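Containing compact mmCIF, C-alpha atoms and all ligand atoms: target-v3.txt.
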```txt
# COMPACT_ATOMS: atom_id res chain seq x y z
CA THR A 619 131.99 88.83 63.22
CA THR A 620 130.27 90.93 60.56
CA ASP A 621 127.48 91.29 63.10
CA VAL A 622 129.59 93.33 65.55
CA ASP A 623 130.32 97.06 65.38
CA LEU A 624 133.52 97.02 67.42
CA VAL A 625 136.14 94.48 68.47
CA VAL A 626 138.02 95.15 71.70
CA VAL A 627 141.22 93.19 72.23
CA GLY A 628 141.83 92.81 75.97
CA SER A 629 139.29 92.66 78.82
CA GLY A 630 141.25 94.80 81.31
CA PHE A 631 139.89 98.07 82.66
CA PHE A 632 140.78 99.94 79.48
CA GLY A 633 139.06 97.51 77.13
CA LEU A 634 135.98 97.03 79.30
CA THR A 635 135.47 100.76 79.83
CA VAL A 636 135.48 101.32 76.07
CA ALA A 637 133.19 98.32 75.53
CA GLU A 638 130.74 99.41 78.22
CA ARG A 639 130.49 102.97 76.89
CA CYS A 640 130.06 101.94 73.25
CA ALA A 641 127.38 99.39 74.18
CA ALA A 642 125.50 101.37 76.83
CA GLU A 643 125.64 104.85 75.32
CA LEU A 644 125.94 104.26 71.57
CA GLY A 645 124.03 100.98 71.35
CA LYS A 646 126.92 99.31 69.52
CA ARG A 647 127.45 95.56 69.48
CA VAL A 648 130.86 94.93 70.99
CA LEU A 649 132.94 91.79 70.97
CA VAL A 650 135.67 91.66 73.64
CA ILE A 651 138.37 89.02 73.35
CA ASP A 652 141.08 88.07 75.80
CA ARG A 653 143.87 85.54 75.48
CA ARG A 654 143.61 84.66 79.16
CA ASP A 655 140.91 82.33 80.47
CA HIS A 656 139.46 85.06 82.68
CA ILE A 657 138.18 88.59 82.36
CA GLY A 658 139.67 91.73 83.97
CA GLY A 659 143.31 91.89 82.93
CA ASN A 660 145.74 92.41 85.78
CA ALA A 661 143.07 93.60 88.20
CA TYR A 662 141.53 90.11 88.27
CA SER A 663 141.09 88.57 91.70
CA GLU A 664 139.80 85.21 92.91
CA ALA A 665 138.89 83.49 96.16
CA ASP A 666 141.73 81.26 97.33
CA PRO A 667 140.18 77.75 97.44
CA GLU A 668 141.67 76.81 100.80
CA THR A 669 140.96 79.95 102.85
CA GLY A 670 138.26 81.74 100.83
CA ILE A 671 140.35 84.92 101.05
CA GLU A 672 140.27 87.16 97.96
CA VAL A 673 143.68 87.07 96.26
CA HIS A 674 144.82 89.54 93.61
CA ARG A 675 146.48 87.13 91.19
CA TYR A 676 148.66 89.72 89.44
CA GLY A 677 149.77 91.69 92.49
CA ALA A 678 148.01 93.86 95.05
CA HIS A 679 145.53 96.33 93.54
CA LEU A 680 144.46 99.37 95.56
CA PHE A 681 141.98 101.70 93.99
CA HIS A 682 142.51 105.43 94.45
CA THR A 683 141.68 108.51 92.41
CA SER A 684 141.22 112.26 92.56
CA ASN A 685 139.46 112.35 89.20
CA PRO A 686 135.74 113.10 89.81
CA THR A 687 134.66 111.74 86.41
CA VAL A 688 136.41 108.42 87.02
CA TRP A 689 135.08 108.21 90.59
CA GLU A 690 131.50 108.77 89.43
CA TYR A 691 131.95 106.22 86.64
CA VAL A 692 133.42 103.40 88.76
CA ASN A 693 130.71 103.85 91.39
CA ARG A 694 128.13 102.78 88.82
CA PHE A 695 129.59 99.26 89.04
CA THR A 696 130.78 98.86 92.60
CA ALA A 697 130.78 100.38 96.05
CA PHE A 698 134.10 100.84 97.83
CA THR A 699 135.21 99.97 101.36
CA GLU A 700 136.85 102.38 103.77
CA TYR A 701 140.25 100.69 103.35
CA VAL A 702 143.21 103.06 103.67
CA HIS A 703 146.50 101.72 102.33
CA LYS A 704 149.62 101.80 104.49
CA VAL A 705 152.95 100.13 103.86
CA TYR A 706 155.73 99.15 106.26
CA THR A 707 159.26 98.00 105.57
CA THR A 708 161.59 95.65 107.40
CA HIS A 709 165.22 96.79 107.60
CA ARG A 710 167.87 95.06 109.76
CA GLY A 711 165.33 93.40 111.98
CA GLU A 712 163.29 96.54 112.56
CA VAL A 713 159.99 97.69 111.05
CA PHE A 714 159.60 101.25 109.77
CA PRO A 715 156.63 103.10 108.25
CA LEU A 716 156.67 104.14 104.58
CA PRO A 717 156.75 106.36 102.56
CA ILE A 718 159.71 107.86 104.44
CA ASN A 719 158.10 110.26 106.92
CA LEU A 720 158.85 111.92 110.23
CA GLY A 721 158.15 108.64 112.02
CA THR A 722 160.64 106.79 109.78
CA ILE A 723 163.27 109.49 110.21
CA ASN A 724 163.00 109.71 113.98
CA GLN A 725 163.00 105.94 114.40
CA PHE A 726 165.97 105.55 112.07
CA PHE A 727 168.11 108.33 113.59
CA ARG A 728 166.84 107.65 117.14
CA SER A 729 165.81 111.28 117.32
CA ALA A 730 162.80 113.39 118.24
CA HIS A 731 163.02 115.99 115.47
CA GLY A 732 160.17 118.22 114.53
CA PRO A 733 159.49 118.88 110.83
CA ALA A 734 161.96 121.78 110.49
CA ALA A 735 164.86 119.97 112.15
CA ALA A 736 164.21 116.80 110.12
CA ARG A 737 164.11 118.80 106.92
CA GLU A 738 167.40 120.44 107.81
CA LEU A 739 169.02 117.10 108.64
CA VAL A 740 167.94 115.49 105.36
CA ALA A 741 168.98 118.58 103.36
CA SER A 742 172.44 118.60 104.94
CA GLN A 743 172.92 114.90 104.19
CA ALA A 744 171.63 115.35 100.64
CA ALA A 745 174.11 118.18 100.03
CA GLU A 746 176.87 115.55 99.73
CA VAL A 747 176.00 115.19 96.04
CA ASP A 748 175.39 118.06 93.64
CA SER A 749 171.97 117.35 92.13
CA ALA A 750 173.02 118.94 88.81
CA GLU A 751 175.80 116.41 88.36
CA VAL A 752 174.26 113.05 89.12
CA ALA A 753 175.42 110.22 86.86
CA ASN A 754 173.29 107.33 88.09
CA LEU A 755 170.34 106.41 90.27
CA GLU A 756 172.46 106.10 93.41
CA GLU A 757 173.84 109.63 93.12
CA LYS A 758 170.42 110.97 92.28
CA ALA A 759 168.84 109.30 95.32
CA VAL A 760 171.60 110.54 97.64
CA SER A 761 171.12 114.06 96.23
CA LEU A 762 167.46 113.83 97.15
CA ILE A 763 167.43 112.20 100.61
CA GLY A 764 171.06 111.78 101.73
CA ARG A 765 173.15 108.64 102.04
CA PRO A 766 171.93 107.10 105.34
CA LEU A 767 168.24 106.97 104.36
CA TYR A 768 169.16 105.95 100.81
CA GLU A 769 171.32 103.03 101.97
CA ALA A 770 168.72 101.82 104.44
CA PHE A 771 165.50 102.11 102.48
CA ILE A 772 166.26 102.57 98.78
CA ARG A 773 169.54 100.93 97.73
CA ASP A 774 168.94 97.23 98.23
CA TYR A 775 165.21 97.36 97.52
CA THR A 776 165.88 99.08 94.18
CA ALA A 777 168.67 96.60 93.41
CA LYS A 778 166.19 93.75 93.98
CA GLN A 779 163.58 95.41 91.78
CA TRP A 780 166.00 95.84 88.90
CA GLN A 781 168.50 93.04 89.61
CA THR A 782 171.09 95.76 89.07
CA PRO A 783 172.97 97.92 91.62
CA PRO A 784 171.54 101.47 91.61
CA SER A 785 175.03 102.81 90.86
CA GLU A 786 174.60 101.14 87.44
CA LEU A 787 171.03 102.27 86.84
CA PRO A 788 170.15 105.48 84.97
CA ALA A 789 169.29 108.46 87.18
CA GLU A 790 166.07 109.06 85.21
CA ILE A 791 164.34 106.06 86.78
CA ILE A 792 163.43 108.35 89.67
CA SER A 793 162.47 111.99 89.40
CA ARG A 794 161.67 112.36 93.09
CA LEU A 795 161.72 110.37 96.31
CA PRO A 796 158.85 111.45 98.50
CA VAL A 797 159.78 112.36 102.08
CA ARG A 798 156.98 113.56 104.33
CA TYR A 799 157.78 115.84 107.22
CA THR A 800 154.68 114.75 109.14
CA TYR A 801 153.66 111.44 110.71
CA ASP A 802 151.11 110.87 107.93
CA ASN A 803 151.84 107.47 106.43
CA ARG A 804 148.77 107.08 104.23
CA TYR A 805 150.28 105.63 101.10
CA PHE A 806 148.02 107.52 98.68
CA ASN A 807 146.84 111.08 99.05
CA ASP A 808 143.98 111.00 96.57
CA ASP A 809 140.47 112.28 97.30
CA HIS A 810 139.01 108.78 97.03
CA GLU A 811 140.42 105.45 98.08
CA GLY A 812 139.02 102.01 98.84
CA LEU A 813 138.60 98.44 97.68
CA PRO A 814 135.60 97.10 95.77
CA VAL A 815 133.18 95.78 98.40
CA ASP A 816 132.54 92.42 96.74
CA GLY A 817 135.90 92.14 94.99
CA TYR A 818 137.53 93.16 91.71
CA THR A 819 136.08 90.35 89.63
CA ALA A 820 132.48 91.16 90.62
CA TRP A 821 133.10 94.81 89.67
CA ILE A 822 134.65 93.87 86.35
CA GLU A 823 131.89 91.38 85.52
CA ARG A 824 129.26 94.08 86.06
CA MET A 825 131.04 96.29 83.54
CA ALA A 826 130.81 93.53 80.94
CA ASP A 827 127.25 92.59 81.84
CA HIS A 828 125.37 94.25 78.98
CA PRO A 829 123.25 92.51 76.31
CA LEU A 830 125.30 94.14 73.54
CA ILE A 831 128.66 92.97 74.95
CA GLU A 832 129.99 89.51 74.21
CA VAL A 833 133.23 88.35 75.86
CA ARG A 834 135.31 85.53 74.39
CA LEU A 835 138.10 84.24 76.59
CA SER A 836 141.14 82.12 75.68
CA THR A 837 141.17 83.90 72.31
CA ASP A 838 144.46 85.34 71.10
CA PHE A 839 144.21 88.13 68.51
CA PHE A 840 147.30 86.77 66.74
CA ASP A 841 146.09 83.18 66.53
CA GLU A 842 144.98 82.76 62.93
CA SER A 843 143.51 79.34 63.62
CA GLN A 844 140.49 81.06 65.22
CA PRO A 845 138.26 83.59 63.41
CA ILE A 846 138.74 86.72 65.58
CA ASN A 847 142.29 87.55 64.51
CA LYS A 848 144.25 90.54 63.26
CA GLN A 849 144.67 89.22 59.74
CA ALA A 850 140.96 88.59 59.31
CA LEU A 851 139.64 91.78 60.92
CA VAL A 852 141.86 94.83 60.46
CA GLY A 853 140.23 97.23 58.01
CA LYS A 854 136.88 95.40 58.22
CA VAL A 855 135.69 96.46 61.66
CA PRO A 856 136.92 99.12 64.12
CA ILE A 857 139.32 97.64 66.66
CA VAL A 858 140.43 98.85 70.07
CA TYR A 859 143.69 97.05 70.81
CA THR A 860 144.99 96.93 74.40
CA GLY A 861 147.68 94.25 73.99
CA PRO A 862 151.43 94.98 73.66
CA VAL A 863 152.07 97.47 70.84
CA ASP A 864 155.35 95.78 69.76
CA ARG A 865 153.58 92.42 69.44
CA TYR A 866 150.92 93.99 67.21
CA PHE A 867 153.61 94.95 64.69
CA ASP A 868 155.41 91.64 65.07
CA TYR A 869 158.32 93.39 66.86
CA ALA A 870 159.26 95.21 63.63
CA GLU A 871 160.99 98.01 65.55
CA GLY A 872 162.43 95.72 68.23
CA GLU A 873 161.12 94.55 71.57
CA LEU A 874 160.07 97.02 74.25
CA ALA A 875 161.60 96.06 77.62
CA TRP A 876 159.45 95.26 80.65
CA ARG A 877 159.98 94.10 84.19
CA THR A 878 157.88 91.23 85.44
CA LEU A 879 157.05 89.85 88.87
CA ASP A 880 156.99 86.32 90.20
CA PHE A 881 154.47 85.58 92.92
CA GLU A 882 154.75 82.76 95.41
CA ARG A 883 151.59 81.98 97.37
CA GLU A 884 151.52 80.14 100.66
CA VAL A 885 148.72 79.24 103.07
CA LEU A 886 149.92 79.36 106.68
CA PRO A 887 148.20 77.65 109.63
CA ILE A 888 147.83 80.87 111.62
CA GLY A 889 145.22 83.61 111.75
CA ASP A 890 147.56 86.51 111.09
CA TYR A 891 151.10 86.42 109.72
CA GLN A 892 152.28 90.02 109.61
CA GLY A 893 149.49 92.19 111.01
CA THR A 894 149.30 94.33 107.88
CA SER A 895 148.56 93.99 104.16
CA VAL A 896 151.96 94.84 102.66
CA MET A 897 155.41 94.46 104.23
CA ASN A 898 158.40 95.50 102.15
CA TYR A 899 161.81 93.94 102.69
CA ALA A 900 164.45 96.62 102.27
CA ASP A 901 167.57 94.45 102.62
CA SER A 902 169.46 92.32 100.12
CA GLU A 903 169.49 89.21 102.37
CA THR A 904 165.78 88.73 101.70
CA PRO A 905 165.34 87.71 98.05
CA TYR A 906 161.76 88.93 97.70
CA THR A 907 160.76 92.60 97.63
CA ARG A 908 157.55 92.32 99.65
CA ILE A 909 154.91 90.10 101.19
CA HIS A 910 151.20 90.66 100.71
CA GLU A 911 148.76 89.25 103.25
CA PHE A 912 145.37 89.53 101.61
CA ARG A 913 143.09 89.20 104.66
CA HIS A 914 144.18 92.68 105.74
CA PHE A 915 142.76 94.30 102.61
CA HIS A 916 139.28 93.44 103.89
CA PRO A 917 139.15 93.73 107.68
CA GLU A 918 135.36 94.07 107.33
CA ARG A 919 135.01 90.50 106.01
CA GLU A 920 134.73 87.19 107.84
CA HIS A 921 138.00 85.29 107.46
CA PRO A 922 139.19 81.98 108.91
CA ALA A 923 140.77 82.42 112.36
CA ASP A 924 143.32 79.64 111.88
CA LYS A 925 144.54 80.19 108.31
CA THR A 926 145.95 83.01 106.26
CA ILE A 927 147.32 83.35 102.73
CA ILE A 928 150.45 85.32 101.94
CA MET A 929 152.12 86.08 98.61
CA ARG A 930 155.82 86.81 98.26
CA GLU A 931 156.76 89.08 95.35
CA TYR A 932 160.00 88.82 93.36
CA SER A 933 160.99 91.21 90.59
CA ARG A 934 163.05 90.66 87.41
CA PHE A 935 163.42 91.58 83.74
CA ALA A 936 160.71 90.04 81.56
CA GLU A 937 161.40 87.59 78.73
CA ARG A 938 159.04 87.50 75.77
CA ASP A 939 156.75 84.88 77.35
CA ASP A 940 156.55 86.53 80.77
CA GLU A 941 153.74 88.84 81.85
CA PRO A 942 154.87 92.42 81.12
CA TYR A 943 154.26 94.53 84.28
CA TYR A 944 156.36 97.68 84.42
CA PRO A 945 157.90 99.43 81.39
CA VAL A 946 161.71 99.65 81.70
CA ASN A 947 161.58 102.80 79.58
CA THR A 948 165.24 103.31 78.61
CA PRO A 949 166.06 105.90 75.91
CA SER A 950 166.19 103.03 73.42
CA ASP A 951 162.69 101.90 74.50
CA ARG A 952 161.38 105.43 74.03
CA GLU A 953 162.85 105.54 70.53
CA LYS A 954 161.17 102.26 69.65
CA LEU A 955 157.91 103.50 71.12
CA LEU A 956 157.99 106.57 68.86
CA ALA A 957 158.54 104.31 65.86
CA TYR A 958 155.59 102.14 66.90
CA ARG A 959 153.42 105.23 67.31
CA GLU A 960 154.21 106.13 63.71
CA LEU A 961 153.27 102.64 62.57
CA ALA A 962 150.07 102.84 64.62
CA LYS A 963 148.99 105.98 62.76
CA GLY A 964 149.00 103.96 59.55
CA GLU A 965 146.60 101.29 60.84
CA SER A 966 143.15 102.16 59.63
CA ASP A 967 140.46 102.06 62.30
CA VAL A 968 142.69 100.53 64.96
CA TYR A 969 142.87 102.39 68.27
CA PHE A 970 145.76 101.57 70.61
CA GLY A 971 145.11 101.99 74.33
CA GLY A 972 145.79 100.78 77.85
CA ARG A 973 149.07 100.12 79.55
CA LEU A 974 150.33 97.57 77.02
CA GLY A 975 149.06 99.34 73.92
CA THR A 976 150.76 102.60 74.91
CA TYR A 977 153.76 101.17 76.85
CA GLN A 978 153.03 103.16 79.99
CA TYR A 979 152.51 102.33 83.63
CA LEU A 980 148.88 103.24 84.29
CA ASP A 981 147.09 102.96 87.59
CA MET A 982 143.53 101.66 87.30
CA HIS A 983 141.99 105.11 87.54
CA MET A 984 144.35 106.29 84.79
CA ALA A 985 143.50 103.36 82.52
CA ILE A 986 139.78 104.03 83.06
CA GLY A 987 140.22 107.81 82.62
CA SER A 988 142.18 107.35 79.44
CA ALA A 989 139.57 104.90 78.07
CA LEU A 990 136.81 107.42 78.83
CA SER A 991 138.80 110.08 76.92
CA MET A 992 139.35 107.79 73.95
CA TYR A 993 135.64 107.08 73.94
CA GLU A 994 134.62 110.75 74.09
CA ASN A 995 137.29 112.15 71.78
CA LYS A 996 137.78 109.44 69.18
CA LEU A 997 135.24 106.63 69.22
CA LYS A 998 132.05 108.59 69.76
CA PRO A 999 132.88 111.13 67.00
CA ALA A 1000 134.01 108.33 64.64
CA PHE A 1001 130.93 106.14 64.84
CA GLY A 1002 128.55 107.63 67.40
P1 LIG A 1101 145.51 94.98 81.42
O1 LIG A 1101 146.86 94.42 81.35
O2 LIG A 1101 144.79 94.88 82.70
O3 LIG A 1101 144.61 94.27 80.32
C1 LIG A 1101 145.10 93.95 79.04
C2 LIG A 1101 144.44 92.66 78.60
O4 LIG A 1101 144.76 92.41 77.23
C3 LIG A 1101 144.92 91.45 79.38
O5 LIG A 1101 143.81 90.79 79.97
C4 LIG A 1101 145.59 90.59 78.32
O6 LIG A 1101 145.41 89.19 78.54
C5 LIG A 1101 144.90 91.05 77.05
N1 LIG A 1101 145.69 90.76 75.85
C6 LIG A 1101 146.98 91.06 75.63
N2 LIG A 1101 147.37 90.60 74.42
C7 LIG A 1101 146.29 90.01 73.86
C8 LIG A 1101 146.07 89.31 72.64
N3 LIG A 1101 147.06 89.13 71.74
N4 LIG A 1101 144.85 88.81 72.39
C9 LIG A 1101 143.84 88.95 73.32
N5 LIG A 1101 144.00 89.59 74.49
C10 LIG A 1101 145.21 90.11 74.77
N6 LIG A 1101 146.71 100.10 89.66
C11 LIG A 1101 146.15 100.78 90.70
O7 LIG A 1101 145.38 101.71 90.47
N7 LIG A 1101 146.44 100.42 91.97
C12 LIG A 1101 147.28 99.39 92.28
O8 LIG A 1101 147.53 99.09 93.44
C13 LIG A 1101 147.87 98.67 91.19
N8 LIG A 1101 148.71 97.64 91.42
C14 LIG A 1101 149.35 97.02 90.38
C15 LIG A 1101 150.26 96.02 90.63
C16 LIG A 1101 150.92 95.41 89.58
C17 LIG A 1101 151.93 94.33 89.85
C18 LIG A 1101 150.67 95.82 88.25
C19 LIG A 1101 151.41 95.22 87.10
C20 LIG A 1101 149.73 96.79 88.01
C21 LIG A 1101 149.06 97.41 89.06
N9 LIG A 1101 148.11 98.40 88.83
C22 LIG A 1101 147.55 99.06 89.88
C23 LIG A 1101 147.78 98.81 87.45
C24 LIG A 1101 146.59 98.08 86.86
O9 LIG A 1101 146.86 96.71 86.78
C25 LIG A 1101 146.37 98.67 85.45
O10 LIG A 1101 145.94 100.00 85.59
C26 LIG A 1101 145.35 97.96 84.64
O11 LIG A 1101 145.71 96.62 84.53
C27 LIG A 1101 145.32 98.60 83.26
O12 LIG A 1101 144.33 98.00 82.50
P2 LIG A 1101 144.57 97.71 80.96
O13 LIG A 1101 143.24 97.32 80.45
O14 LIG A 1101 145.28 98.82 80.32
O15 LIG A 1101 145.61 96.47 80.92
```
As a first step, turn the structure in this file into structure tokens.
Amino acid sequence: TTDVDLVVVGSGFFGLTVAERCAAELGKRVLVIDRRDHIGGNAYSEADPETGIEVHRYGAHLFHTSNPTVWEYVNRFTAFTEYVHKVYTTHRGEVFPLPINLGTINQFFRSAHGPAAARELVASQAAEVDSAEVANLEEKAVSLIGRPLYEAFIRDYTAKQWQTPPSELPAEIISRLPVRYTYDNRYFNDDHEGLPVDGYTAWIERMADHPLIEVRLSTDFFDESQPINKQALVGKVPIVYTGPVDRYFDYAEGELAWRTLDFEREVLPIGDYQGTSVMNYADSETPYTRIHEFRHFHPEREHPADKTIIMREYSRFAERDDEPYYPVNTPSDREKLLAYRELAKGESDVYFGGRLGTYQYLDMHMAIGSALSMYENKLKPAFG
């Protein structure tokens, strides 16, 4: 390892962006390690062996950004399809469009309101709770959108996500609940949106495909039985660490809480199961939160006419050995995070980044944008 200039722990978008920049622009030799047996972090996707359909192993990944720097950068490695994401939800045997919009409202209330009347209706229902005095997530949600819409579309779905009734969840989990007073149900409203034409893994592999980048998989930074470990390297070579920050410090300040997801895949002997890529299930009778049907992410591709693959998603609190997906972010977590940030300052030549290294939910464009900033503002000045 003395022959590398930088070690990157984690081959997700954060780690690979840093590696690519340091290799391609600075001519540095970069070693990227990952504890998993594949590259790409949570954006990794693979062809399902039975149907050939591209499956996002760690949950559906839709790329979208309004950041011109990030858009220019990602287009060096992949082209994007014209895919536009839309989500529907099933509630009491009826399907509604999301996010809550004029179509949802009129279908739900069996009305034909225009924007102004719908706004007035929602405001009058929301007035039931004084927004300055909300004590929990339920009251907060009612203060934002009123009780009928809350009970139909938010209450049970949120309870499934957190395995806790919203009346027992802190109000801070939501700051807003988007309601659109138009029929626009595009899920994202960024300038750019699409899916990588030949898949996430092909995109990610092109980022790592540089003669100065070496990737070693199935290599855990905390496994001292192999040479590329924390003990052996810290202080000897610059390190960009994108794993969990609490793990790095051996949980010295306590464990940061995460939610995880369980995914259940099934191949069905039909050409189309639900007619759309993502269907949420708003009610408590259905144990999963949503179903993904991957063929619909790529309508431009050839897919089998008699088979489809779906993935049911279940949500719960993560144990230490589960994949950490969404930060729980309670006041106690934020306190621990501050303590870890202090510890991180004391680590010489170790840069913490990415969603696990900073305990933040980051979309892909945010992870890439933040890696580009770390590169420009810290890494390039330090050893450029
Ligand atoms: P990421 O988690 O991808 O990579 C970290 C890597 O570090 C992992 O490969 C891990 O194995 C490795 N690692 C950890 N500890 C290690 C150790 N001790 N030794 C070696 N390696 C170690 N974004 C978006 O824009 N649109 C979307 O639709 C979605 N959808 C979505 C769904 C779900 C369920 C999740 C959880 C996330 C999304 N995202 C998303 C977010 C997206 O996944 C996220 O932006 C990227 O994964 C962030 O990349 P990072 O490199 O920060 O982390």
Contacts to ligand LIG 1101 (chain A) at 7 Å cut-off (all atoms listed in the file) as a PyMOL selection string = chain A and resi 627-633+651-654+657-661+676-682+837-840+860-862+879+943-944+971-974+980-985
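For the choices A:Leu961, A:Leu851, A:Ala750, A:Leu720, the atom-to-atom distance to Pro796 of chain A is smallest for A:Leu720 when using only C-alpha atoms.
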Between A:Asn685, A:Ser950, A:Thr782, A:Asn754, which is the closest to Asp808 of chain A once you count all atoms listed in the file?
-> A:Asn685
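In this structure, atom CA of Asp967 of chain A sits 8.6 Å away from atom CA of Lys854 of chain A.
Take the candidates A:Arg919, A:His810, A:Met992, A:Gly645 and check each one against Phe698 of chain A using all atoms listed in the file; the shortest distance goes to A:His810.
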Within 7 Å of Pro887 of chain A, counting all atoms listed in the file, which residues qualify if same-chain residues fewer than 6 places away don't, as a ChimeraX atom specification?
-> /A:924-926
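The shortest atom-to-atom distance to Glu738 of chain A, with only C-alpha atoms taken into account, belongs to A:Gly764 out of A:Val636, A:Val858, A:Ala777, A:Gly764.
Atom CA of Ala789 of chain A to atom CA of Ser742 of chain A spans 20.7 Å [interatomic distance, one decimal].
For the set A:Asp901, A:Asp655, A:Thr669, A:Gly872, the residue with the smallest atom-to-atom gap to Tyr768 of chain A is A:Asp901, counting all atoms listed in the file.
Nearest residue to Pro856 of chain A, choosing from A:Val648, A:Ala641, A:Val946, A:Ala759 and counting all atoms listed in the file: A:Val648.
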Around segment 794-812 of chain A, fit a box with edges along x, y and z, padding it by 8 Å on each side, then list its centre and edge lengths in Å to one decimal as JSON.
```
{"center_x": 150.4, "center_y": 108.9, "center_z": 101.9, "size_x": 38.7, "size_y": 29.8, "size_z": 33.6}
```
Report the distance between atom CA of Phe867 of chain A and atom CA of Thr948 of chain A in Å, rounded to one decimal place.
-> 20.0 Å
Which neighbours of segment 715-718 of chain A fall inside 8 Å, counting only C-alpha atoms, when residues of the same chain fewer than 6 positions from it are skipped, and could you give them as a PyMOL selection string?
-> chain A and resi 704-707+796-798+803+805
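For Trp876 of chain A, the non-local neighbours within 12 Å, defined as residues at least 5 positions apart in the same chain or in other chains and counting all atoms listed in the file, are Gln779, Trp780, Pro862, Asp864, Ser933, Arg934, Phe935, Ala936, Glu937, Arg938, Asp939, Asp940, Glu941, Pro942, Tyr943, Tyr944, Pro945, Val946, Asn947, Thr948, Asp951, Arg973, Leu974, Tyr977, Gln978 and Tyr979 of chain A.
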Distance query 12 Å from (165.5, 105.0, 113.0) using only C-alpha atoms, result as number ranges by chain | A: 707-715, 718-731, 766-767, 770-771
Spatial neighbours of Glu756 of chain A, max dist 10 Å, all atoms listed in the file, sep filter under 2 positions, as a count of residues only | 21
Shell around Leu830 of chain A at 9 Å using only C-alpha atoms, local window under 2 positions removed, as an MDAnalysis selection string = chainID A and resid 638 641:642 645:649 827:828 832
